[in-house]
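Asks: I'd like to ask you about the structure that follows.
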Amino acid sequence: MLVLGVESSCDETGVALYDSARGLLAHALYSQIAMHNDYGGVVPELASRDHIRRVLPLTRQVLAEAGCTLEDIDGIAYTQGPGLAGALLVGAGMARALAYALNIPAVGVHHLEGHMLSPLISDTPPEFPFVALLVSGGHTQLMLVSGVGRYTLLGETLDDAAGEAFDKTAQLLGLGYPGGPALSRLAATGDASRFTLPRPMLNSGDFDFSFSGLKTAVLTLVRKAGLDQAADIAAAFQSAAVEVLVSKSLAACSHSGATRLVVAGGVGANTHLRERLTREAKARGIAVFYPKLEFCTDNGAMIAFAGAQRLAHANADLTFAVRPRWELATLDAV
Ligand code: KG4
Ligand code: ZN
């Protein structure tokens, strides 16, 4: 089954073609980061308008790259939520209209399910069950995943998401938007042991997180030490955030008896997190699976893949609605 995937929940338009027999045939991405950079964050109305400009050229591009025509497509998957309502409507409207014109099924995909299943787009995918650490710009969650749609929430952030903490800290250090990659590059040049920052909820005995206090501690440190010390502050922040993420993820594996851990979402691209998690997990007999770097941040491939898992069960309803807010643990199992 050949599935066209369309992602438009935030500031990246992603389109991909995934074939259930042959794997990923093509994917293309347009990032709006440069456009939003001037404003220090995503401007929803500008995001929606840009998705409109990009989504059809990207669709033509992936079809050409895969050597396919519209008539070859068997189903269309699009991000239904969570995300920016106007941005979601662009992908949903395009996908539903195209599916109607081609007389093929369309299915709305949960953006975080896309992220969480993205490590499965691999020649050596992890088997179920596994624990998933979802670390994106908007979410930080630990999930027990026993199958597609079989998700049990183990813990989540009580305030800021991990990516949000990276972004806000980067802003305090005078780095651009989104700050995660820039902060991570700066941290690599700094000394993480110069300053000690708090590890919020490290010993709380549950699988919840809190990152807003860490951000405030960075603000206090910046005021005291000054931006000359930005690299050391970045390294101290990264070290604190990563230590909490690693510790809670491994504790969630022990608690649930899982020997496989999947990391997904933009912060999963962080080199320090990958190195430390892989090392500490290995020592405990836990295998860690990451998506390819290009599939850590938002992309169409993960939506096409998750859609392909769900399309067999899609109904023929032609109406659609987007879900700007949507709890991952409420999905139906397939
Ligand atoms: O998953 P994603 O692309 O979008 C959401 O669904 O939110 O995640 C974006 C987040 C941003 O907060 C960005 O700063 C962060 O992922 N990020 C990183 C890195 N690359 C992206 N954070 C830390 N280190 C990175 N290398
Ligand atoms: Zn995302």
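By convention here, the chains of the structure tokens are called A, B, ... in the order presented, each chain's residues are numbered starting at 1, and ligands are numbered starting at 1 in the order presented.
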Can you pull out the residues contacting A:Leu175? Cut-off 12 Å, using only C-alpha atoms, and skip same-chain residues under 3 positions away; I want them as a ChimeraX atom specification.

Replies: /A:37,40,166-172,178-187,227,230-231,234

Asks: For the contact check between stretch 272-323 of chain A and stretch 135-154 of chain A, emit one row per residue of stretch 272-323 of chain A within 10 Å, containing the shortest atom pair and the distance in Å rounded to one decimal, counting only C-alpha atoms, chain then rising number order, as a Markdown table.

Replies:
```
| residue | atom | partner | partner_atom | distance |
| --- | --- | --- | --- | --- |
| A:Cys296 | CA | A:Ser136 | CA | 8.8 |
| A:Thr297 | CA | A:Ser136 | CA | 7.8 |
| A:Asp298 | CA | A:Ser136 | CA | 9.2 |
| A:Ala306 | CA | A:Val148 | CA | 8.5 |
| A:Gln309 | CA | A:Val148 | CA | 7.5 |
| A:Arg310 | CA | A:Val148 | CA | 8.4 |
```

Asks: Distance table requested - chain A against ligand 2, cut-off 10 Å, only C-alpha atoms and all ligand atoms: one row per qualifying residue with the closest atom pair and its distance in Å to one decimal, ordered by chain and rising residue number, as a Markdown table.

Replies:
```
| residue | atom | partner | partner_atom_place_in_ligand_line | distance |
| --- | --- | --- | --- | --- |
| A:Glu7 | CA | ligand 2 | 1 (Zn) | 9.3 |
| A:Ser8 | CA | ligand 2 | 1 (Zn) | 9.8 |
| A:Ser9 | CA | ligand 2 | 1 (Zn) | 7.8 |
| A:Cys10 | CA | ligand 2 | 1 (Zn) | 7.8 |
| A:Asp11 | CA | ligand 2 | 1 (Zn) | 9.5 |
| A:Glu12 | CA | ligand 2 | 1 (Zn) | 9.2 |
| A:Pro82 | CA | ligand 2 | 1 (Zn) | 9.2 |
| A:Gly83 | CA | ligand 2 | 1 (Zn) | 8.7 |
| A:His111 | CA | ligand 2 | 1 (Zn) | 6.4 |
| A:Leu112 | CA | ligand 2 | 1 (Zn) | 6.6 |
| A:Glu113 | CA | ligand 2 | 1 (Zn) | 9.7 |
| A:Gly114 | CA | ligand 2 | 1 (Zn) | 8.3 |
| A:His115 | CA | ligand 2 | 1 (Zn) | 6.5 |
| A:Met116 | CA | ligand 2 | 1 (Zn) | 9.8 |
| A:Leu134 | CA | ligand 2 | 1 (Zn) | 9.4 |
| A:Val135 | CA | ligand 2 | 1 (Zn) | 8.8 |
| A:Ser136 | CA | ligand 2 | 1 (Zn) | 5.7 |
| A:Gly137 | CA | ligand 2 | 1 (Zn) | 6.9 |
| A:Gly138 | CA | ligand 2 | 1 (Zn) | 7.7 |
| A:His139 | CA | ligand 2 | 1 (Zn) | 8.6 |
| A:Ala264 | CA | ligand 2 | 1 (Zn) | 8.9 |
| A:Gly265 | CA | ligand 2 | 1 (Zn) | 5.8 |
| A:Gly266 | CA | ligand 2 | 1 (Zn) | 6.7 |
| A:Val267 | CA | ligand 2 | 1 (Zn) | 9.9 |
| A:Phe295 | CA | ligand 2 | 1 (Zn) | 9.6 |
| A:Cys296 | CA | ligand 2 | 1 (Zn) | 8.0 |
| A:Thr297 | CA | ligand 2 | 1 (Zn) | 5.8 |
| A:Asp298 | CA | ligand 2 | 1 (Zn) | 4.6 |
| A:Asn299 | CA | ligand 2 | 1 (Zn) | 7.9 |
| A:Met302 | CA | ligand 2 | 1 (Zn) | 9.8 |
```

Asks: Could you turn the residues from that selection into a file that holds C-alpha atoms, as a CSV table (one decimal), in the first residue's frame?

Replies:
```csv
chain,number,residue,atom,x,y,z
A,7,GLU,CA,2.8,17.1,8.1
A,8,SER,CA,1.8,20.7,8.7
A,9,SER,CA,1.2,21.0,12.5
A,10,CYS,CA,3.8,23.8,13.2
A,11,ASP,CA,6.6,25.4,11.3
A,12,GLU,CA,7.7,22.6,8.9
A,82,PRO,CA,-2.0,18.3,18.2
A,83,GLY,CA,-0.6,21.6,16.7
A,111,HIS,CA,1.6,14.0,15.5
A,112,LEU,CA,3.2,12.4,18.6
A,113,GLU,CA,2.3,8.9,17.4
A,114,GLY,CA,4.2,9.9,14.2
A,115,HIS,CA,7.2,10.9,16.3
A,116,MET,CA,7.0,7.8,18.5
A,134,LEU,CA,8.9,11.7,23.6
A,135,VAL,CA,10.9,14.9,23.8
A,136,SER,CA,9.6,17.6,21.4
A,137,GLY,CA,9.1,21.4,21.5
A,138,GLY,CA,5.7,21.0,23.0
A,139,HIS,CA,5.7,17.6,24.8
A,264,ALA,CA,11.6,10.5,19.6
A,265,GLY,CA,11.0,14.2,18.9
A,266,GLY,CA,13.3,17.1,18.2
A,267,VAL,CA,15.4,16.9,21.4
A,295,PHE,CA,13.2,12.1,11.3
A,296,CYS,CA,13.8,13.5,14.9
A,297,THR,CA,12.3,16.8,14.1
A,298,ASP,CA,9.0,17.2,12.3
A,299,ASN,CA,8.7,15.4,8.9
A,302,MET,CA,6.7,9.7,10.2
```

Asks: Excluding A:Val107 and any residue of its chain fewer than 5 positions from it, enumerate the residues within 10 Å of it, using only C-alpha atoms, and give them as an mmCIF file with N, CA, C and O atoms, in the first residue's frame.

Replies:
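As a result, out_12.cif now contains:
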```
data_model
loop_
_atom_site.group_PDB
_atom_site.id
_atom_site.type_symbol
_atom_site.label_atom_id
_atom_site.label_comp_id
_atom_site.auth_asym_id
_atom_site.auth_seq_id
_atom_site.Cartn_x
_atom_site.Cartn_y
_atom_site.Cartn_z
ATOM 1 N N GLY A 5 2.071 10.968 2.955
ATOM 2 C CA GLY A 5 1.985 11.551 4.304
ATOM 3 C C GLY A 5 2.191 13.050 4.244
ATOM 4 O O GLY A 5 3.082 13.520 3.537
ATOM 5 N N GLY A 75 -3.584 5.657 -0.334
ATOM 6 C CA GLY A 75 -4.205 6.306 0.820
ATOM 7 C C GLY A 75 -3.380 7.517 1.226
ATOM 8 O O GLY A 75 -2.208 7.634 0.869
ATOM 9 N N ILE A 76 -4.018 8.429 1.966
ATOM 10 C CA ILE A 76 -3.331 9.656 2.376
ATOM 11 C C ILE A 76 -3.433 9.825 3.888
ATOM 12 O O ILE A 76 -4.517 9.684 4.461
ATOM 13 N N ALA A 77 -2.296 10.103 4.513
ATOM 14 C CA ALA A 77 -2.261 10.351 5.961
ATOM 15 C C ALA A 77 -1.851 11.797 6.187
ATOM 16 O O ALA A 77 -0.969 12.302 5.498
ATOM 17 N N TYR A 78 -2.484 12.450 7.133
ATOM 18 C CA TYR A 78 -2.129 13.837 7.436
ATOM 19 C C TYR A 78 -2.134 14.025 8.946
ATOM 20 O O TYR A 78 -2.812 13.287 9.672
ATOM 21 N N THR A 79 -1.387 14.994 9.430
ATOM 22 C CA THR A 79 -1.374 15.278 10.861
ATOM 23 C C THR A 79 -2.678 15.960 11.245
ATOM 24 O O THR A 79 -2.993 17.035 10.749
ATOM 25 N N GLN A 80 -3.427 15.309 12.134
ATOM 26 C CA GLN A 80 -4.724 15.862 12.549
ATOM 27 C C GLN A 80 -4.564 16.746 13.788
ATOM 28 O O GLN A 80 -5.370 17.610 14.070
ATOM 29 N N ALA A 92 -4.716 19.030 6.461
ATOM 30 C CA ALA A 92 -5.942 18.224 6.520
ATOM 31 C C ALA A 92 -6.822 18.510 5.303
ATOM 32 O O ALA A 92 -7.349 17.583 4.674
ATOM 33 N N ALA A 95 -5.148 17.073 2.124
ATOM 34 C CA ALA A 95 -5.164 15.602 2.117
ATOM 35 C C ALA A 95 -6.572 15.072 1.871
ATOM 36 O O ALA A 95 -6.777 14.154 1.059
ATOM 37 N N ARG A 96 -7.551 15.643 2.550
ATOM 38 C CA ARG A 96 -8.933 15.173 2.398
ATOM 39 C C ARG A 96 -9.466 15.453 0.987
ATOM 40 O O ARG A 96 -10.160 14.633 0.401
ATOM 41 N N ALA A 99 -7.761 13.035 -1.430
ATOM 42 C CA ALA A 99 -8.291 11.679 -1.242
ATOM 43 C C ALA A 99 -9.682 11.558 -1.859
ATOM 44 O O ALA A 99 -10.013 10.549 -2.487
ATOM 45 N N ILE A 303 4.563 10.645 9.422
ATOM 46 C CA ILE A 303 3.106 10.688 9.280
ATOM 47 C C ILE A 303 2.655 9.647 8.246
ATOM 48 O O ILE A 303 1.666 8.938 8.454
ATOM 49 N N ALA A 304 3.417 9.525 7.157
ATOM 50 C CA ALA A 304 3.098 8.510 6.151
ATOM 51 C C ALA A 304 3.199 7.119 6.772
ATOM 52 O O ALA A 304 2.341 6.251 6.550
ATOM 53 N N ALA A 306 3.054 6.197 10.114
ATOM 54 C CA ALA A 306 1.994 5.949 11.104
ATOM 55 C C ALA A 306 0.648 5.778 10.395
ATOM 56 O O ALA A 306 -0.163 4.919 10.771
ATOM 57 N N GLY A 307 0.421 6.570 9.329
ATOM 58 C CA GLY A 307 -0.826 6.469 8.566
ATOM 59 C C GLY A 307 -0.957 5.109 7.919
ATOM 60 O O GLY A 307 -2.054 4.524 7.889
ATOM 61 N N ALA A 308 0.168 4.581 7.400
ATOM 62 C CA ALA A 308 0.127 3.265 6.752
ATOM 63 C C ALA A 308 -0.295 2.187 7.756
ATOM 64 O O ALA A 308 -0.994 1.231 7.397
ATOM 65 N N ARG A 310 -2.356 2.608 10.149
ATOM 66 C CA ARG A 310 -3.753 2.843 10.534
ATOM 67 C C ARG A 310 -4.735 2.763 9.379
ATOM 68 O O ARG A 310 -5.925 2.567 9.598
ATOM 69 N N LEU A 311 -4.235 2.929 8.124
ATOM 70 C CA LEU A 311 -5.176 3.118 7.013
ATOM 71 C C LEU A 311 -6.109 1.942 6.777
ATOM 72 O O LEU A 311 -7.250 2.122 6.341
ATOM 73 N N ALA A 312 -5.628 0.758 7.079
ATOM 74 C CA ALA A 312 -6.477 -0.422 6.859
ATOM 75 C C ALA A 312 -7.749 -0.314 7.691
ATOM 76 O O ALA A 312 -8.769 -0.915 7.365
ATOM 77 N N HIS A 313 -7.671 0.467 8.779
ATOM 78 C CA HIS A 313 -8.821 0.577 9.686
ATOM 79 C C HIS A 313 -9.577 1.884 9.517
ATOM 80 O O HIS A 313 -10.489 2.168 10.272
ATOM 81 N N ALA A 314 -9.168 2.710 8.523
ATOM 82 C CA ALA A 314 -9.814 4.016 8.362
ATOM 83 C C ALA A 314 -11.234 3.834 7.841
ATOM 84 O O ALA A 314 -11.497 2.934 7.043
ATOM 85 N N ASN A 315 -12.133 4.674 8.283
ATOM 86 C CA ASN A 315 -13.499 4.579 7.752
ATOM 87 C C ASN A 315 -13.648 5.517 6.549
ATOM 88 O O ASN A 315 -12.772 6.301 6.237
ATOM 89 N N ALA A 316 -14.775 5.400 5.887
ATOM 90 C CA ALA A 316 -14.960 6.132 4.622
ATOM 91 C C ALA A 316 -15.612 7.498 4.826
ATOM 92 O O ALA A 316 -16.045 8.130 3.879
ATOM 93 N N ASP A 317 -15.676 7.946 6.080
ATOM 94 C CA ASP A 317 -16.287 9.236 6.384
ATOM 95 C C ASP A 317 -15.550 10.366 5.652
ATOM 96 O O ASP A 317 -14.335 10.450 5.689
ATOM 97 N N PHE A 320 -14.140 15.907 8.218
ATOM 98 C CA PHE A 320 -12.924 15.863 9.032
ATOM 99 C C PHE A 320 -12.885 17.034 9.989
ATOM 100 O O PHE A 320 -13.512 18.059 9.771
#
```

Asks: Using DSSP on the backbone coordinates, identify the residues of stretch 18-50 of chain A assigned to strand (DSSP E); present them as a ChimeraX atom specification.

Replies: /A:18-19,23-31

Asks: Using the selection just defined, write its residues with N, CA, C and O atoms as a PDB file, in the first residue's frame.

Replies:
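Written file, part21.pdb:
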```pdb
ATOM      1  N   TYR A  18       5.341   6.572   1.576  1.00  0.00           N
ATOM      2  CA  TYR A  18       5.781   5.341   2.235  1.00  0.00           C
ATOM      3  C   TYR A  18       5.003   4.174   1.647  1.00  0.00           C
ATOM      4  O   TYR A  18       3.774   4.226   1.538  1.00  0.00           O
ATOM      5  N   ASP A  19       5.730   3.139   1.284  1.00  0.00           N
ATOM      6  CA  ASP A  19       5.087   1.951   0.727  1.00  0.00           C
ATOM      7  C   ASP A  19       5.238   0.813   1.731  1.00  0.00           C
ATOM      8  O   ASP A  19       6.358   0.526   2.174  1.00  0.00           O
ATOM      9  N   GLY A  23       8.982   0.224   1.726  1.00  0.00           N
ATOM     10  CA  GLY A  23       9.550   1.198   2.672  1.00  0.00           C
ATOM     11  C   GLY A  23       9.382   2.629   2.186  1.00  0.00           C
ATOM     12  O   GLY A  23       8.536   2.921   1.335  1.00  0.00           O
ATOM     13  N   LEU A  24      10.219   3.506   2.711  1.00  0.00           N
ATOM     14  CA  LEU A  24      10.105   4.936   2.390  1.00  0.00           C
ATOM     15  C   LEU A  24      10.649   5.185   0.986  1.00  0.00           C
ATOM     16  O   LEU A  24      11.814   4.901   0.704  1.00  0.00           O
ATOM     17  N   LEU A  25       9.813   5.726   0.094  1.00  0.00           N
ATOM     18  CA  LEU A  25      10.245   5.945  -1.291  1.00  0.00           C
ATOM     19  C   LEU A  25      10.820   7.341  -1.488  1.00  0.00           C
ATOM     20  O   LEU A  25      11.774   7.526  -2.248  1.00  0.00           O
ATOM     21  N   ALA A  26      10.232   8.347  -0.830  1.00  0.00           N
ATOM     22  CA  ALA A  26      10.729   9.722  -0.979  1.00  0.00           C
ATOM     23  C   ALA A  26      10.158  10.577   0.142  1.00  0.00           C
ATOM     24  O   ALA A  26       9.079  10.286   0.659  1.00  0.00           O
ATOM     25  N   HIS A  27      10.904  11.607   0.528  1.00  0.00           N
ATOM     26  CA  HIS A  27      10.350  12.565   1.482  1.00  0.00           C
ATOM     27  C   HIS A  27      10.985  13.919   1.236  1.00  0.00           C
ATOM     28  O   HIS A  27      12.118  14.013   0.766  1.00  0.00           O
ATOM     29  N   ALA A  28      10.211  14.973   1.522  1.00  0.00           N
ATOM     30  CA  ALA A  28      10.703  16.335   1.305  1.00  0.00           C
ATOM     31  C   ALA A  28      10.189  17.230   2.420  1.00  0.00           C
ATOM     32  O   ALA A  28       9.118  16.976   2.988  1.00  0.00           O
ATOM     33  N   LEU A  29      10.979  18.236   2.738  1.00  0.00           N
ATOM     34  CA  LEU A  29      10.651  19.087   3.878  1.00  0.00           C
ATOM     35  C   LEU A  29      10.934  20.535   3.528  1.00  0.00           C
ATOM     36  O   LEU A  29      11.938  20.836   2.878  1.00  0.00           O
ATOM     37  N   TYR A  30      10.046  21.412   3.959  1.00  0.00           N
ATOM     38  CA  TYR A  30      10.369  22.839   3.884  1.00  0.00           C
ATOM     39  C   TYR A  30      10.251  23.414   5.289  1.00  0.00           C
ATOM     40  O   TYR A  30       9.199  23.338   5.921  1.00  0.00           O
ATOM     41  N   SER A  31      11.346  23.968   5.806  1.00  0.00           N
ATOM     42  CA  SER A  31      11.334  24.534   7.149  1.00  0.00           C
ATOM     43  C   SER A  31      11.110  26.038   7.087  1.00  0.00           C
ATOM     44  O   SER A  31      11.758  26.740   6.314  1.00  0.00           O
TER      45      SER A  31
END
```

Asks: Need to verify the contact set: A:Leu120, 10 Å, only C-alpha atoms, exclusion of same-chain residues closer than 4 positions in sequence. Can you return it as a ChimeraX atom specification?

Replies: /A:115-116,124-127,262,289-292,302,305-306

Asks: Would you write out those residues with all heavy atoms, as a compact mmCIF listing (two decimals), in the first residue's frame?

Replies:
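Okay, this is what ended up in result.txt:
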```
# COMPACT_ATOMS: atom_id res chain seq x y z
N HIS A 115 5.88 10.80 15.70
CA HIS A 115 7.22 10.86 16.30
C HIS A 115 7.59 9.53 16.95
O HIS A 115 8.69 9.01 16.77
CB HIS A 115 7.27 11.95 17.39
CG HIS A 115 7.55 13.33 16.87
ND1 HIS A 115 8.68 13.63 16.15
CD2 HIS A 115 6.86 14.49 16.99
CE1 HIS A 115 8.67 14.92 15.85
NE2 HIS A 115 7.58 15.47 16.34
N MET A 116 6.65 8.99 17.73
CA MET A 116 6.96 7.81 18.54
C MET A 116 7.24 6.57 17.69
O MET A 116 8.05 5.72 18.05
CB MET A 116 5.79 7.53 19.47
CG MET A 116 6.16 6.76 20.69
SD MET A 116 4.95 7.04 21.96
CE MET A 116 3.50 6.36 21.23
N THR A 124 16.09 -2.28 10.93
CA THR A 124 16.15 -3.05 12.18
C THR A 124 15.29 -2.35 13.24
O THR A 124 15.80 -1.80 14.21
CB THR A 124 17.61 -3.14 12.69
OG1 THR A 124 18.15 -1.80 12.73
CG2 THR A 124 18.47 -4.02 11.82
N PRO A 125 13.96 -2.38 13.05
CA PRO A 125 13.08 -1.66 13.99
C PRO A 125 13.00 -2.37 15.34
O PRO A 125 13.19 -3.58 15.41
CB PRO A 125 11.71 -1.70 13.28
CG PRO A 125 11.77 -2.90 12.41
CD PRO A 125 13.21 -3.07 12.00
N PRO A 126 12.72 -1.61 16.40
CA PRO A 126 12.53 -2.25 17.72
C PRO A 126 11.22 -3.04 17.73
O PRO A 126 10.25 -2.66 17.07
CB PRO A 126 12.43 -1.05 18.67
CG PRO A 126 11.95 0.08 17.82
CD PRO A 126 12.53 -0.15 16.45
N GLU A 127 11.24 -4.14 18.47
CA GLU A 127 9.98 -4.90 18.63
C GLU A 127 9.19 -4.31 19.78
O GLU A 127 9.76 -3.69 20.67
CB GLU A 127 10.31 -6.36 18.97
CG GLU A 127 10.79 -7.16 17.78
CD GLU A 127 11.25 -8.55 18.20
OE1 GLU A 127 10.77 -9.06 19.24
OE2 GLU A 127 12.08 -9.13 17.48
N VAL A 262 12.82 3.72 23.14
CA VAL A 262 12.78 4.49 21.89
C VAL A 262 12.78 5.97 22.25
O VAL A 262 12.09 6.39 23.17
CB VAL A 262 11.50 4.09 21.11
CG1 VAL A 262 11.05 5.19 20.19
CG2 VAL A 262 11.71 2.79 20.36
N PHE A 289 16.79 2.91 20.76
CA PHE A 289 16.51 3.10 19.33
C PHE A 289 16.18 4.56 19.08
O PHE A 289 15.31 5.13 19.75
CB PHE A 289 15.33 2.23 18.90
CG PHE A 289 15.59 0.75 19.03
CD1 PHE A 289 15.44 0.12 20.27
CD2 PHE A 289 15.99 0.00 17.94
CE1 PHE A 289 15.68 -1.24 20.40
CE2 PHE A 289 16.23 -1.37 18.07
CZ PHE A 289 16.07 -1.99 19.31
N TYR A 290 16.87 5.15 18.12
CA TYR A 290 16.61 6.54 17.76
C TYR A 290 16.12 6.57 16.31
O TYR A 290 16.55 5.77 15.50
CB TYR A 290 17.89 7.38 17.83
CG TYR A 290 18.56 7.37 19.17
CD1 TYR A 290 19.57 6.44 19.45
CD2 TYR A 290 18.21 8.28 20.15
CE1 TYR A 290 20.20 6.42 20.69
CE2 TYR A 290 18.84 8.28 21.38
CZ TYR A 290 19.83 7.34 21.65
OH TYR A 290 20.45 7.33 22.87
N PRO A 291 15.28 7.58 16.00
CA PRO A 291 14.99 7.76 14.57
C PRO A 291 16.26 8.28 13.89
O PRO A 291 17.15 8.80 14.56
CB PRO A 291 13.91 8.85 14.55
CG PRO A 291 13.72 9.30 15.95
CD PRO A 291 14.66 8.59 16.84
N LYS A 292 16.32 8.15 12.57
CA LYS A 292 17.39 8.82 11.84
C LYS A 292 17.32 10.30 12.20
O LYS A 292 16.22 10.82 12.42
CB LYS A 292 17.17 8.69 10.33
CG LYS A 292 17.47 7.33 9.79
CD LYS A 292 17.32 7.38 8.28
CE LYS A 292 17.55 6.01 7.69
NZ LYS A 292 17.11 5.94 6.30
N MET A 302 7.26 10.30 9.00
CA MET A 302 6.67 9.68 10.20
C MET A 302 5.14 9.65 10.11
O MET A 302 4.50 8.73 10.62
CB MET A 302 7.13 10.40 11.48
CG MET A 302 6.62 11.81 11.62
SD MET A 302 7.35 12.60 13.08
CE MET A 302 6.25 14.04 13.24
N PHE A 305 4.25 6.90 7.59
CA PHE A 305 4.46 5.59 8.20
C PHE A 305 3.33 5.26 9.20
O PHE A 305 2.73 4.18 9.13
CB PHE A 305 5.82 5.54 8.91
CG PHE A 305 6.07 4.24 9.60
CD1 PHE A 305 6.54 3.14 8.88
CD2 PHE A 305 5.81 4.07 10.95
CE1 PHE A 305 6.75 1.91 9.50
CE2 PHE A 305 6.02 2.86 11.58
CZ PHE A 305 6.49 1.78 10.86
N ALA A 306 3.05 6.20 10.11
CA ALA A 306 1.99 5.95 11.10
C ALA A 306 0.65 5.78 10.40
O ALA A 306 -0.16 4.92 10.77
CB ALA A 306 1.93 7.10 12.11
```

Asks: For A:Met35, find every residue with an atom within 10 Å (counting only C-alpha atoms), except residues of its own chain fewer than 3 positions away, and show them as a list in words.

Replies: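 Here the qualifying residues turn out to be Asp11, Ser31, Gln32, Asp38, Tyr39, Gly40, Gly41, Val42, Val43, Leu46, Ala47 and Asp50 of chain A.
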
Asks: Would you mind exporting the chosen residues as a PDB file, in the first residue's frame, restricted to N, CA, C and O atoms?

Replies:
```
ATOM      1  N   ASP A  11       5.846  24.507  12.162  1.00  0.00           N
ATOM      2  CA  ASP A  11       6.617  25.394  11.284  1.00  0.00           C
ATOM      3  C   ASP A  11       7.409  24.634  10.219  1.00  0.00           C
ATOM      4  O   ASP A  11       8.369  25.151   9.673  1.00  0.00           O
ATOM      5  N   SER A  31      11.346  23.968   5.806  1.00  0.00           N
ATOM      6  CA  SER A  31      11.334  24.534   7.149  1.00  0.00           C
ATOM      7  C   SER A  31      11.110  26.038   7.087  1.00  0.00           C
ATOM      8  O   SER A  31      11.758  26.740   6.314  1.00  0.00           O
ATOM      9  N   GLN A  32      10.198  26.513   7.931  1.00  0.00           N
ATOM     10  CA  GLN A  32       9.896  27.955   7.973  1.00  0.00           C
ATOM     11  C   GLN A  32      10.741  28.686   9.016  1.00  0.00           C
ATOM     12  O   GLN A  32      10.468  29.858   9.322  1.00  0.00           O
ATOM     13  N   ASP A  38      12.798  36.015  12.872  1.00  0.00           N
ATOM     14  CA  ASP A  38      12.708  37.453  13.127  1.00  0.00           C
ATOM     15  C   ASP A  38      11.791  37.778  14.307  1.00  0.00           C
ATOM     16  O   ASP A  38      11.910  38.818  14.930  1.00  0.00           O
ATOM     17  N   TYR A  39      10.838  36.858  14.584  1.00  0.00           N
ATOM     18  CA  TYR A  39       9.845  37.123  15.632  1.00  0.00           C
ATOM     19  C   TYR A  39      10.181  36.390  16.937  1.00  0.00           C
ATOM     20  O   TYR A  39       9.458  36.521  17.913  1.00  0.00           O
ATOM     21  N   GLY A  40      11.237  35.579  16.928  1.00  0.00           N
ATOM     22  CA  GLY A  40      11.639  34.856  18.134  1.00  0.00           C
ATOM     23  C   GLY A  40      10.748  33.665  18.452  1.00  0.00           C
ATOM     24  O   GLY A  40      10.826  33.096  19.537  1.00  0.00           O
ATOM     25  N   GLY A  41       9.889  33.278  17.535  1.00  0.00           N
ATOM     26  CA  GLY A  41       9.010  32.129  17.760  1.00  0.00           C
ATOM     27  C   GLY A  41       8.064  31.999  16.586  1.00  0.00           C
ATOM     28  O   GLY A  41       8.065  32.847  15.689  1.00  0.00           O
ATOM     29  N   VAL A  42       7.244  30.935  16.608  1.00  0.00           N
ATOM     30  CA  VAL A  42       6.359  30.678  15.464  1.00  0.00           C
ATOM     31  C   VAL A  42       5.165  31.639  15.484  1.00  0.00           C
ATOM     32  O   VAL A  42       4.484  31.764  16.500  1.00  0.00           O
ATOM     33  N   VAL A  43       4.918  32.308  14.362  1.00  0.00           N
ATOM     34  CA  VAL A  43       3.724  33.162  14.215  1.00  0.00           C
ATOM     35  C   VAL A  43       2.673  32.317  13.480  1.00  0.00           C
ATOM     36  O   VAL A  43       2.836  32.019  12.287  1.00  0.00           O
ATOM     37  N   LEU A  46       1.336  33.283   9.913  1.00  0.00           N
ATOM     38  CA  LEU A  46       2.371  33.186   8.860  1.00  0.00           C
ATOM     39  C   LEU A  46       2.649  31.716   8.537  1.00  0.00           C
ATOM     40  O   LEU A  46       2.871  31.350   7.383  1.00  0.00           O
ATOM     41  N   ALA A  47       2.623  30.883   9.575  1.00  0.00           N
ATOM     42  CA  ALA A  47       2.879  29.447   9.377  1.00  0.00           C
ATOM     43  C   ALA A  47       1.825  28.862   8.438  1.00  0.00           C
ATOM     44  O   ALA A  47       2.155  28.193   7.452  1.00  0.00           O
ATOM     45  N   ASP A  50       2.246  29.917   4.843  1.00  0.00           N
ATOM     46  CA  ASP A  50       3.398  29.309   4.171  1.00  0.00           C
ATOM     47  C   ASP A  50       3.149  27.836   3.844  1.00  0.00           C
ATOM     48  O   ASP A  50       3.587  27.343   2.811  1.00  0.00           O
TER      49      ASP A  50
END
```

Asks: Under the rule that only C-alpha atoms are counted, which of A:Val109, A:Ala333, A:Ala34, A:Leu89 is the nearest residue to A:Ser48?

Replies: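 So, comparing all the options, the nearest one is A:Leu89.
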
Asks: When distances are computed from only C-alpha atoms and all ligand atoms, which of A:Asp228, A:Glu280, A:Asp191, A:Glu294 shows the smallest separation from ligand 1?

Replies: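 So, comparing all the options, the nearest one is A:Glu294.
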
Asks: Neighbours of stretch 209-225 of chain A within 7 Å (only C-alpha atoms; same-chain residues fewer than 5 positions away dropped), as a list in words?

Replies: Glu156, Thr157, Leu158, Asp159, Asp160, Ala161, Ala162, Ala165, Thr169, Leu172, Leu197, Pro198, Pro200 and Met201 of chain A

Asks: Given only C-alpha atoms and all ligand atoms as the basis, pick out the residue of A:Phe237, A:Tyr177, A:Phe130, A:Phe207 nearest to ligand 1.

Replies: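 Distance minimum relative to ligand 1 lands on A:Tyr177.
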
Asks: Extract, using only C-alpha atoms, all DNA, RNA and protein residues at most 9 Å from A:Ala85, discarding same-chain residues fewer than 5 positions from it, and format them as a PyMOL selection string.

Replies: chain A and resi 9+44+48+90+322-324

Asks: Tell me which of A:Ala321, A:Ser193, A:Pro129, A:Gly81 sits closest to ligand 1, counting only C-alpha atoms and all ligand atoms.

Replies: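 Smallest distance to ligand 1 is found for A:Gly81.
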